[in-house]
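Colleague: Structure supplied as my_file-v7.txt; contents: compact mmCIF, C-alpha atoms.
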```txt
# COMPACT_ATOMS: atom_id res chain seq x y z
CA MET A 97 2.70 -14.03 -8.20
CA ARG A 98 1.83 -13.51 -4.54
CA THR A 99 -1.43 -11.81 -3.63
CA GLY A 100 -2.18 -9.51 -0.74
CA LEU A 101 -5.44 -8.01 0.47
CA LEU A 102 -5.43 -4.44 1.82
CA LEU A 103 -8.22 -3.36 4.16
CA LEU A 104 -9.08 0.13 5.34
CA PRO A 105 -10.31 -0.25 8.95
CA SER A 106 -13.47 1.72 8.26
CA ARG A 107 -15.71 -1.22 9.16
CA PRO A 108 -16.51 -2.77 12.55
CA ALA A 109 -13.63 -4.82 13.91
CA GLY A 110 -15.58 -8.07 13.82
CA GLU A 111 -16.40 -7.58 10.14
CA LEU A 112 -12.76 -6.90 9.31
CA VAL A 113 -11.69 -10.07 11.10
CA GLU A 114 -14.23 -12.17 9.20
CA ILE A 115 -12.99 -10.71 5.90
CA ALA A 116 -9.42 -11.61 6.89
CA VAL A 117 -10.41 -15.17 7.78
CA ARG A 118 -12.13 -15.50 4.42
CA ALA A 119 -9.08 -14.03 2.66
CA GLU A 120 -6.87 -16.72 4.17
CA ALA A 121 -9.31 -19.42 3.06
CA LEU A 122 -9.34 -17.98 -0.47
CA GLY A 123 -5.55 -18.20 -0.69
CA TYR A 124 -4.34 -14.64 -0.21
CA ASP A 125 -0.73 -14.66 0.97
CA ASP A 126 -0.72 -11.38 2.91
CA LEU A 127 -3.26 -9.30 4.80
CA TRP A 128 -2.46 -5.60 5.10
CA VAL A 129 -4.39 -3.17 7.32
CA ALA A 130 -4.05 0.54 6.53
CA ASP A 131 -2.74 2.68 9.39
CA GLU A 132 -4.89 5.67 8.45
CA ARG A 133 -6.11 8.41 10.78
CA PHE A 134 -8.69 8.37 12.21
CA PHE A 135 -10.09 4.93 11.60
CA ARG A 136 -9.89 1.88 13.85
CA GLU A 137 -6.41 1.22 15.17
CA ALA A 138 -4.45 -1.03 12.82
CA TYR A 139 -2.46 -3.10 15.31
CA THR A 140 -5.55 -3.90 17.37
CA ILE A 141 -7.26 -5.26 14.24
CA LEU A 142 -4.13 -7.19 13.27
CA GLY A 143 -3.94 -8.79 16.70
CA LEU A 144 -7.54 -9.94 16.42
CA VAL A 145 -6.84 -11.34 12.96
CA ALA A 146 -3.74 -13.16 14.23
CA ALA A 147 -5.88 -15.01 16.77
CA ARG A 148 -8.27 -16.26 14.05
CA THR A 149 -5.80 -17.20 11.30
CA GLY A 150 -2.83 -19.51 10.98
CA ARG A 151 -1.07 -19.00 7.64
CA ILE A 152 -1.57 -15.57 6.13
CA ARG A 153 1.10 -12.93 6.83
CA LEU A 154 -0.10 -9.78 8.62
CA GLY A 155 1.04 -6.20 8.80
CA PRO A 156 0.23 -2.50 8.60
CA GLY A 157 0.00 -1.33 5.02
CA VAL A 158 1.36 1.16 5.63
CA THR A 159 2.37 3.04 8.75
CA ASP A 160 4.62 6.11 8.76
CA PRO A 161 7.63 7.47 10.69
CA TYR A 162 5.85 10.63 11.89
CA SER A 163 2.58 9.86 13.67
CA ARG A 164 4.14 6.95 15.56
CA HIS A 165 7.81 6.94 16.61
CA ALA A 166 9.87 4.24 14.90
CA ALA A 167 10.70 2.67 18.27
CA LEU A 168 6.99 2.26 19.00
CA THR A 169 6.54 0.72 15.55
CA ALA A 170 9.33 -1.75 16.38
CA MET A 171 7.57 -2.57 19.65
CA ALA A 172 4.22 -3.06 17.90
CA ILE A 173 5.51 -5.18 15.03
CA ALA A 174 7.56 -7.39 17.38
CA THR A 175 4.44 -7.94 19.47
CA LEU A 176 2.39 -8.78 16.38
CA ASP A 177 5.11 -11.21 15.28
CA GLU A 178 4.93 -12.90 18.68
CA VAL A 179 1.16 -13.27 18.82
CA SER A 180 0.94 -14.42 15.17
CA GLY A 181 3.66 -17.05 15.44
CA GLY A 182 6.12 -15.29 13.14
CA ARG A 183 3.73 -14.01 10.48
CA ALA A 184 4.28 -10.26 10.85
CA LEU A 185 5.45 -7.95 8.11
CA LEU A 186 5.85 -4.19 8.18
CA GLY A 187 4.84 -1.66 5.55
CA LEU A 188 6.30 1.83 6.02
CA GLY A 189 5.72 4.93 3.93
CA ALA A 190 5.60 8.70 4.06
CA GLY A 191 1.96 8.83 5.10
CA VAL A 192 -0.49 11.66 4.60
CA SER A 193 -3.67 11.16 6.63
CA GLY A 194 -4.17 13.06 9.85
CA PHE A 195 -0.97 15.08 9.59
CA ARG A 196 -2.82 18.41 9.57
CA GLU A 197 -4.83 17.50 12.64
CA LEU A 198 -1.77 16.13 14.46
CA GLY A 199 0.41 19.09 13.55
CA VAL A 200 2.90 16.78 11.85
CA ASP A 201 5.63 18.23 9.63
CA ALA A 202 6.35 15.44 7.17
CA ALA A 203 9.52 16.95 5.76
CA ARG A 204 12.29 14.87 4.17
CA SER A 205 10.17 11.75 4.04
CA ALA A 206 12.77 9.55 2.30
CA VAL A 207 15.31 10.36 5.03
CA ALA A 208 12.73 9.73 7.76
CA ILE A 209 11.80 6.36 6.25
CA ARG A 210 15.43 5.27 5.94
CA GLU A 211 16.29 6.27 9.49
CA ALA A 212 13.13 4.61 10.82
CA VAL A 213 13.90 1.32 9.07
CA GLU A 214 17.47 1.33 10.38
CA LEU A 215 16.30 1.92 13.97
CA ILE A 216 13.55 -0.71 13.73
CA ARG A 217 15.95 -3.34 12.44
CA ARG A 218 18.40 -2.71 15.28
CA LEU A 219 15.69 -2.84 17.93
CA LEU A 220 14.27 -6.06 16.47
CA ALA A 221 17.80 -7.48 16.73
CA GLY A 222 17.72 -6.82 20.48
CA GLN A 223 20.24 -3.98 20.45
CA THR A 224 20.43 -0.99 22.75
CA VAL A 225 20.40 1.96 20.39
CA THR A 226 21.22 5.65 20.28
CA VAL A 227 20.28 7.44 17.09
CA LYS A 228 20.67 11.14 16.35
CA GLY A 229 19.34 11.29 12.83
CA ALA A 230 18.00 14.15 10.79
CA ALA A 231 14.42 12.94 11.35
CA VAL A 232 14.58 10.10 13.90
CA ARG A 233 16.10 10.38 17.37
CA PHE A 234 16.36 7.73 20.06
CA ASP A 235 18.51 7.87 23.18
CA ASP A 236 20.02 4.72 24.71
CA GLY A 237 16.89 2.62 24.42
CA ARG A 238 15.93 -0.96 23.70
CA LEU A 239 12.86 -3.20 23.65
CA ASP A 240 12.19 -4.67 27.08
CA PHE A 241 11.47 -8.10 25.64
CA THR A 242 13.27 -10.32 23.16
CA PRO A 243 11.68 -10.01 19.70
CA PRO A 244 10.99 -13.44 18.23
CA ARG A 245 12.54 -12.48 14.87
CA ALA A 246 15.14 -9.91 13.96
CA GLY A 247 14.25 -10.36 10.31
CA VAL A 248 10.62 -9.26 10.13
CA PRO A 249 10.18 -8.35 6.43
CA ILE A 250 10.04 -4.59 5.91
CA TYR A 251 8.40 -3.07 2.84
CA VAL A 252 8.84 0.59 1.91
CA ALA A 253 5.98 2.26 0.06
CA SER A 254 6.49 5.33 -2.10
CA GLN A 255 5.23 7.08 -5.20
CA ARG A 256 8.38 9.15 -5.52
CA GLU A 257 11.85 8.44 -6.85
CA ALA A 258 13.69 9.12 -3.59
CA GLY A 259 11.40 6.81 -1.63
CA CYS A 260 11.66 4.04 -4.22
CA ARG A 261 15.45 4.32 -4.10
CA VAL A 262 15.32 3.98 -0.30
CA ALA A 263 13.29 0.80 -0.75
CA GLY A 264 15.92 -0.59 -3.09
CA ARG A 265 18.66 0.43 -0.71
CA ILE A 266 17.40 -1.04 2.59
CA ALA A 267 14.05 -2.84 2.33
CA ASP A 268 12.92 -6.40 1.70
CA GLY A 269 10.23 -5.11 -0.60
CA ALA A 270 9.04 -1.98 -2.38
CA ILE A 271 5.39 -0.94 -2.71
CA MET A 272 4.03 1.50 -5.26
CA GLN A 273 0.38 2.45 -5.50
CA GLY A 274 -1.30 2.58 -8.87
CA CYS A 275 1.59 1.38 -11.04
CA VAL A 276 -0.59 0.04 -13.84
CA ALA A 277 0.40 2.19 -16.84
CA GLU A 278 3.67 1.10 -18.44
CA PRO A 279 5.52 4.38 -17.71
CA LEU A 280 4.68 3.96 -14.01
CA LEU A 281 5.86 0.35 -13.98
CA ARG A 282 9.09 1.37 -15.67
CA PHE A 283 9.63 4.23 -13.21
CA PHE A 284 9.01 1.89 -10.25
CA ARG A 285 11.38 -0.84 -11.45
CA GLU A 286 14.15 1.54 -12.45
CA SER A 287 14.03 3.62 -9.26
CA VAL A 288 14.14 0.57 -6.97
CA THR A 289 16.89 -1.01 -9.07
CA GLU A 290 18.97 2.16 -8.91
CA GLY A 291 18.68 2.29 -5.12
CA ALA A 292 19.65 -1.36 -4.78
CA ARG A 293 22.67 -1.07 -7.06
CA ARG A 294 23.92 2.07 -5.31
CA ALA A 295 23.85 0.07 -2.06
CA GLY A 296 25.63 -2.90 -3.63
CA ARG A 297 22.51 -5.07 -3.41
CA ASP A 298 21.02 -7.44 -5.95
CA PRO A 299 17.83 -5.71 -7.19
CA ALA A 300 16.20 -9.12 -7.46
CA ALA A 301 16.34 -9.38 -3.66
CA VAL A 302 13.74 -6.59 -3.38
CA GLU A 303 10.18 -7.82 -3.92
CA LEU A 304 8.18 -5.40 -6.07
CA VAL A 305 4.60 -4.97 -4.86
CA ALA A 306 1.96 -3.27 -7.00
CA ARG A 307 -0.67 -1.80 -4.64
CA ILE A 308 -3.71 -1.46 -6.88
CA ASN A 309 -7.31 -0.37 -6.40
CA VAL A 310 -9.41 -3.16 -7.94
CA CYS A 311 -13.09 -3.34 -8.79
CA ILE A 312 -14.44 -6.49 -10.44
CA ALA A 313 -17.84 -6.07 -12.08
CA ASP A 314 -19.28 -7.44 -15.30
CA ASP A 315 -20.32 -3.91 -16.27
CA ALA A 316 -17.01 -2.21 -17.15
CA ARG A 317 -18.52 1.28 -17.04
CA ALA A 318 -19.93 0.69 -13.56
CA ALA A 319 -16.56 -0.59 -12.38
CA ARG A 320 -14.79 2.52 -13.68
CA ASP A 321 -17.36 4.75 -11.99
CA VAL A 322 -16.58 3.13 -8.64
CA MET A 323 -12.95 4.13 -9.15
CA ARG A 324 -13.43 7.80 -10.04
CA PRO A 325 -13.74 9.13 -6.46
CA THR A 326 -10.54 7.28 -5.52
CA ILE A 327 -8.76 9.06 -8.38
CA VAL A 328 -9.94 12.39 -6.97
CA ARG A 329 -8.50 11.45 -3.56
CA SER A 330 -5.17 10.47 -5.13
CA LEU A 331 -5.02 13.75 -7.00
CA ALA A 332 -5.73 15.68 -3.79
CA ALA A 333 -2.88 13.81 -2.04
CA GLN A 334 -0.43 14.60 -4.85
CA ARG A 335 -0.98 18.33 -5.23
CA PRO A 336 0.44 20.42 -6.75
CA ASP A 337 2.45 18.31 -9.20
CA PHE A 338 0.16 15.24 -9.49
CA PHE A 339 3.32 13.21 -9.85
CA THR A 340 1.87 9.76 -10.56
CA PHE A 341 -0.42 10.97 -13.30
CA ARG A 342 2.21 13.22 -14.83
CA THR A 343 4.63 10.26 -14.89
CA ALA A 344 1.92 8.26 -16.66
CA GLY A 345 1.84 10.96 -19.34
CA LEU A 346 -1.51 12.45 -18.31
CA GLU A 347 -2.50 16.09 -17.91
CA LEU A 348 -5.46 17.07 -15.77
CA PRO A 349 -8.41 18.67 -17.53
CA ALA A 350 -8.55 22.33 -16.49
CA ALA A 351 -11.89 22.03 -14.69
CA LEU A 352 -10.72 19.03 -12.66
CA ARG A 353 -7.40 20.65 -11.79
CA GLU A 354 -9.05 23.81 -10.50
CA GLN A 355 -11.43 21.86 -8.26
CA VAL A 356 -8.81 19.44 -6.91
CA LEU A 357 -6.44 22.24 -5.93
CA SER A 358 -9.03 23.48 -3.42
CA LEU A 359 -9.98 20.04 -2.06
CA PRO A 360 -8.54 18.75 1.25
CA TYR A 361 -7.27 15.16 1.46
CA THR A 362 -10.19 13.14 2.79
CA HIS A 363 -11.81 9.71 2.92
CA ASP A 364 -15.24 11.35 3.11
CA PRO A 365 -16.91 10.26 -0.15
CA ALA A 366 -19.20 13.30 -0.45
CA PRO A 367 -16.69 15.91 -1.71
CA LEU A 368 -14.97 13.27 -3.83
CA MET A 369 -18.21 12.25 -5.53
CA LYS A 370 -18.86 15.84 -6.56
CA LEU A 371 -15.75 15.77 -8.77
CA ALA A 372 -15.90 12.12 -9.88
CA SER A 373 -17.65 12.84 -13.17
CA LEU A 374 -14.70 15.03 -14.22
CA VAL A 375 -12.24 12.10 -14.08
CA PRO A 376 -11.48 10.72 -17.56
CA ASP A 377 -11.36 6.98 -18.25
CA THR A 378 -7.66 7.30 -19.10
CA PHE A 379 -6.92 8.32 -15.51
CA VAL A 380 -8.86 5.34 -14.16
CA ASP A 381 -7.11 2.88 -16.48
CA ALA A 382 -3.64 4.27 -15.74
CA VAL A 383 -3.69 3.48 -12.02
CA THR A 384 -6.46 0.93 -11.32
CA LEU A 385 -7.83 -2.40 -12.52
CA ALA A 386 -11.56 -2.23 -13.13
CA GLY A 387 -13.98 -4.33 -15.14
CA PRO A 388 -14.95 -7.96 -15.76
CA PRO A 389 -12.63 -10.74 -14.52
CA SER A 390 -11.05 -11.24 -17.96
CA VAL A 391 -10.08 -7.55 -18.19
CA VAL A 392 -8.64 -7.51 -14.68
CA ALA A 393 -6.79 -10.78 -15.37
CA ASP A 394 -5.13 -9.24 -18.44
CA GLY A 395 -3.91 -6.37 -16.26
CA VAL A 396 -2.62 -8.66 -13.52
CA LEU A 397 -0.83 -10.83 -16.08
CA ARG A 398 0.92 -7.77 -17.48
CA LEU A 399 2.01 -6.76 -13.99
CA ALA A 400 3.36 -10.24 -13.32
CA CYS A 401 5.28 -10.27 -16.60
CA SER A 402 6.67 -6.82 -15.74
CA GLY A 403 8.41 -8.16 -12.65
CA MET A 404 5.86 -7.52 -9.90
CA GLY A 405 6.24 -10.13 -7.18
CA GLN A 406 2.97 -9.32 -5.44
CA LEU A 407 -0.31 -7.63 -6.25
CA MET A 408 -1.75 -5.91 -3.18
CA VAL A 409 -5.47 -5.66 -3.87
CA TYR A 410 -7.45 -2.79 -2.38
CA PRO A 411 -10.98 -4.01 -3.17
CA LEU A 412 -13.75 -1.64 -4.14
CA GLY A 413 -17.32 -2.21 -5.21
CA PRO A 414 -20.63 -0.46 -5.81
CA HIS A 415 -22.18 0.98 -2.63
CA GLY A 416 -19.10 -0.01 -0.63
CA ASN A 417 -19.65 -3.76 -1.11
CA ILE A 418 -16.12 -5.14 -1.48
CA ASN A 419 -16.98 -8.84 -1.07
CA ALA A 420 -17.54 -9.59 -4.74
CA THR A 421 -14.21 -8.04 -5.69
CA PHE A 422 -11.96 -9.79 -3.19
CA GLU A 423 -13.78 -13.12 -3.70
CA ARG A 424 -13.83 -13.02 -7.52
CA PHE A 425 -10.22 -11.88 -7.64
CA GLN A 426 -9.05 -15.20 -6.18
CA THR A 427 -11.70 -17.46 -7.69
CA GLU A 428 -11.94 -16.01 -11.21
CA VAL A 429 -9.01 -13.68 -11.92
CA MET A 430 -6.01 -15.48 -10.44
CA PRO A 431 -6.83 -18.89 -12.01
CA GLN A 432 -6.75 -17.20 -15.43
CA VAL A 433 -3.47 -15.47 -14.59
CA ARG A 434 -1.80 -18.66 -13.34
CA ARG A 435 -2.88 -20.64 -16.40
CA GLU A 436 -1.34 -18.03 -18.68
CA LEU A 437 1.85 -17.87 -16.62
CA GLU A 438 2.19 -21.66 -16.76
CA ARG A 439 1.76 -21.60 -20.53
CA SER A 440 4.50 -19.01 -20.91
```
How would this structure read if it were set down as structure tokens?
Modeller:
Amino acid sequence: MRTGLLLLPSRPAGELVEIAVRAEALGYDDLWVADERFFREAYTILGLVAARTGRIRLGPGVTDPYSRHAALTAMAIATLDEVSGGRALLGLGAGVSGFRELGVDAARSAVAIREAVELIRRLLAGQTVTVKGAAVRFDDGRLDFTPPRAGVPIYVASQREAGCRVAGRIADGAIMQGCVAEPLLRFFRESVTEGARRAGRDPAAVELVARINVCIADDARAARDVMRPTIVRSLAAQRPDFFTFRTAGLELPAALREQVLSLPYTHDPAPLMKLASLVPDTFVDAVTLAGPPSVVADGVLRLACSGMGQLMVYPLGPHGNINATFERFQTEVMPQVRRELERS
């Protein structure tokens, strides 16, 4: 099982680069930087990381087809591939952050993602392209340099069936956040497989990536408490149907539902913390991995045996200290997982 580390660029650039250098030394395969508004700019951070690393693959995890035109994404990812010596990868999803402030209408996201991927692939292949899509338009344009690789791996991230089918149809990999509970894993696998088969592709050619919030702490209760505000944020992003949790077979407690429906999507911890105590343990366990290394290892092993090709770790820790989680994941969790996989 491959491992990736996802960073939110909420820290100083120098600190993010040092974390990335340490991640490469620990053995992470991929380093993803979230393209979230309005934090530090993802491609700038990735360029700095490229200059300090030599093996780990690098990419935005994920960008979207709305806040940045697909042609500009092609330009950026080709540049990153050049400066990193062919280590770039691209994560693309529907997005959510900053859309209100930017006045973005994120309608028909699955269509927008598909059209964006198709344009990006053609531009990376050095073509001059005209596209008049439903969501993406580009008129007789090309990149004014030769991209080093036409085949930069493209991963499509989605929580929804249509997006997962698009991943199966056109992408090198599919990413789903929080697919820990078995119904979510089953939904992810089946949706991607359906998309691949409809396109005449071998579903095995699409790498399945579980993007999971992880907190490693010897105190299981403390680890779960770290996760509760992130559950509130996920619920706010998925209003009004709370699709992921409903798919996992969970119903929101009435008090939590009422509060979440009035909460804006935000990374500000203050409003999230106010509702954190209302989040049941079952919600935490359905979409995150939290607890001592042995508990997290059991969860990772189940994901590996369920067909996940990569675990993308978004590390969390008490008081914002993520170091223990991303260090212990590679030094304590993954050795247990690999031993069990070798035995089986």
Colleague: From the set A:Ala263, A:Leu304, A:Ile250, A:Ala386, which residue has the shortest atom-to-atom contact distance to A:Arg317, counting all atoms listed in the file?
Modeller: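 Among A:Ala263, A:Leu304, A:Ile250, A:Ala386, it is A:Ala386 that comes nearest to A:Arg317.
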Colleague: What are the closest atom pairs, with distances in Å to one decimal, for each residue of stretch 374-414 of chain A lying within 12 Å of stretch 349-364 of chain A, using all atoms listed in the file, rows by chain and rising residue number, as a Markdown table?
Modeller:
```
| residue | atom | partner | partner_atom | distance |
| --- | --- | --- | --- | --- |
| A:Leu374 | CA | A:Leu352 | CA | 5.9 |
| A:Val375 | CA | A:Leu352 | CA | 7.2 |
| A:Pro376 | CA | A:Pro349 | CA | 8.5 |
| A:Thr378 | CA | A:Pro349 | CA | 11.5 |
| A:Phe379 | CA | A:Pro349 | CA | 10.7 |
```
Colleague: At what distance in Å, to one decimal, does atom CA of A:Pro244 lie from atom CA of A:Gly222?
Modeller: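 Result for atom CA of A:Gly222 versus atom CA of A:Pro244: 9.7 Å, one decimal.
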Colleague: From the list A:Arg294, A:Leu198, A:Gly100, A:Ala116, which residue is nearest A:Leu185 when using all atoms listed in the file?
Modeller: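 Among A:Arg294, A:Leu198, A:Gly100, A:Ala116, it is A:Gly100 that comes nearest to A:Leu185.
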Colleague: So, with all atoms listed in the file as the atoms that count, which of A:Val391, A:Leu239, A:Val262, A:Val179 lies closest to A:Glu211?
Modeller: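 Smallest separation from A:Glu211 among the options: A:Val262.
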Colleague: Measuring atom to atom with only C-alpha atoms, identify which of A:Ala277, A:Glu132, A:Thr224, A:Leu101 is nearest to A:Ile152.
Modeller: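 Under the stated criterion, the closest residue is A:Leu101.
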Colleague: One number please: atom CA of A:Pro431 to atom CA of A:Pro389, in Å, one decimal.
Modeller: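 Separating atom CA of A:Pro431 from atom CA of A:Pro389 is a distance of 10.3 Å.
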Colleague: Of the candidates A:Gly403, A:Thr340, A:Arg148, A:Ser330, which one gets nearest to A:Glu286 if we count all atoms listed in the file?
Modeller: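 Result for the nearest residue to A:Glu286: A:Gly403.
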Colleague: What does the distance from atom CA of A:Arg98 to atom CA of A:Ala190 come to in Å, to one decimal?
Modeller: 24.1 Å
Colleague: When you count only C-alpha atoms, which of these residues is closest to A:Ala119: A:Ala313, A:Val145, A:Ala258, A:Ala203?
Modeller: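 Looking only at the distances to A:Ala119, the closest residue turns out to be A:Val145.
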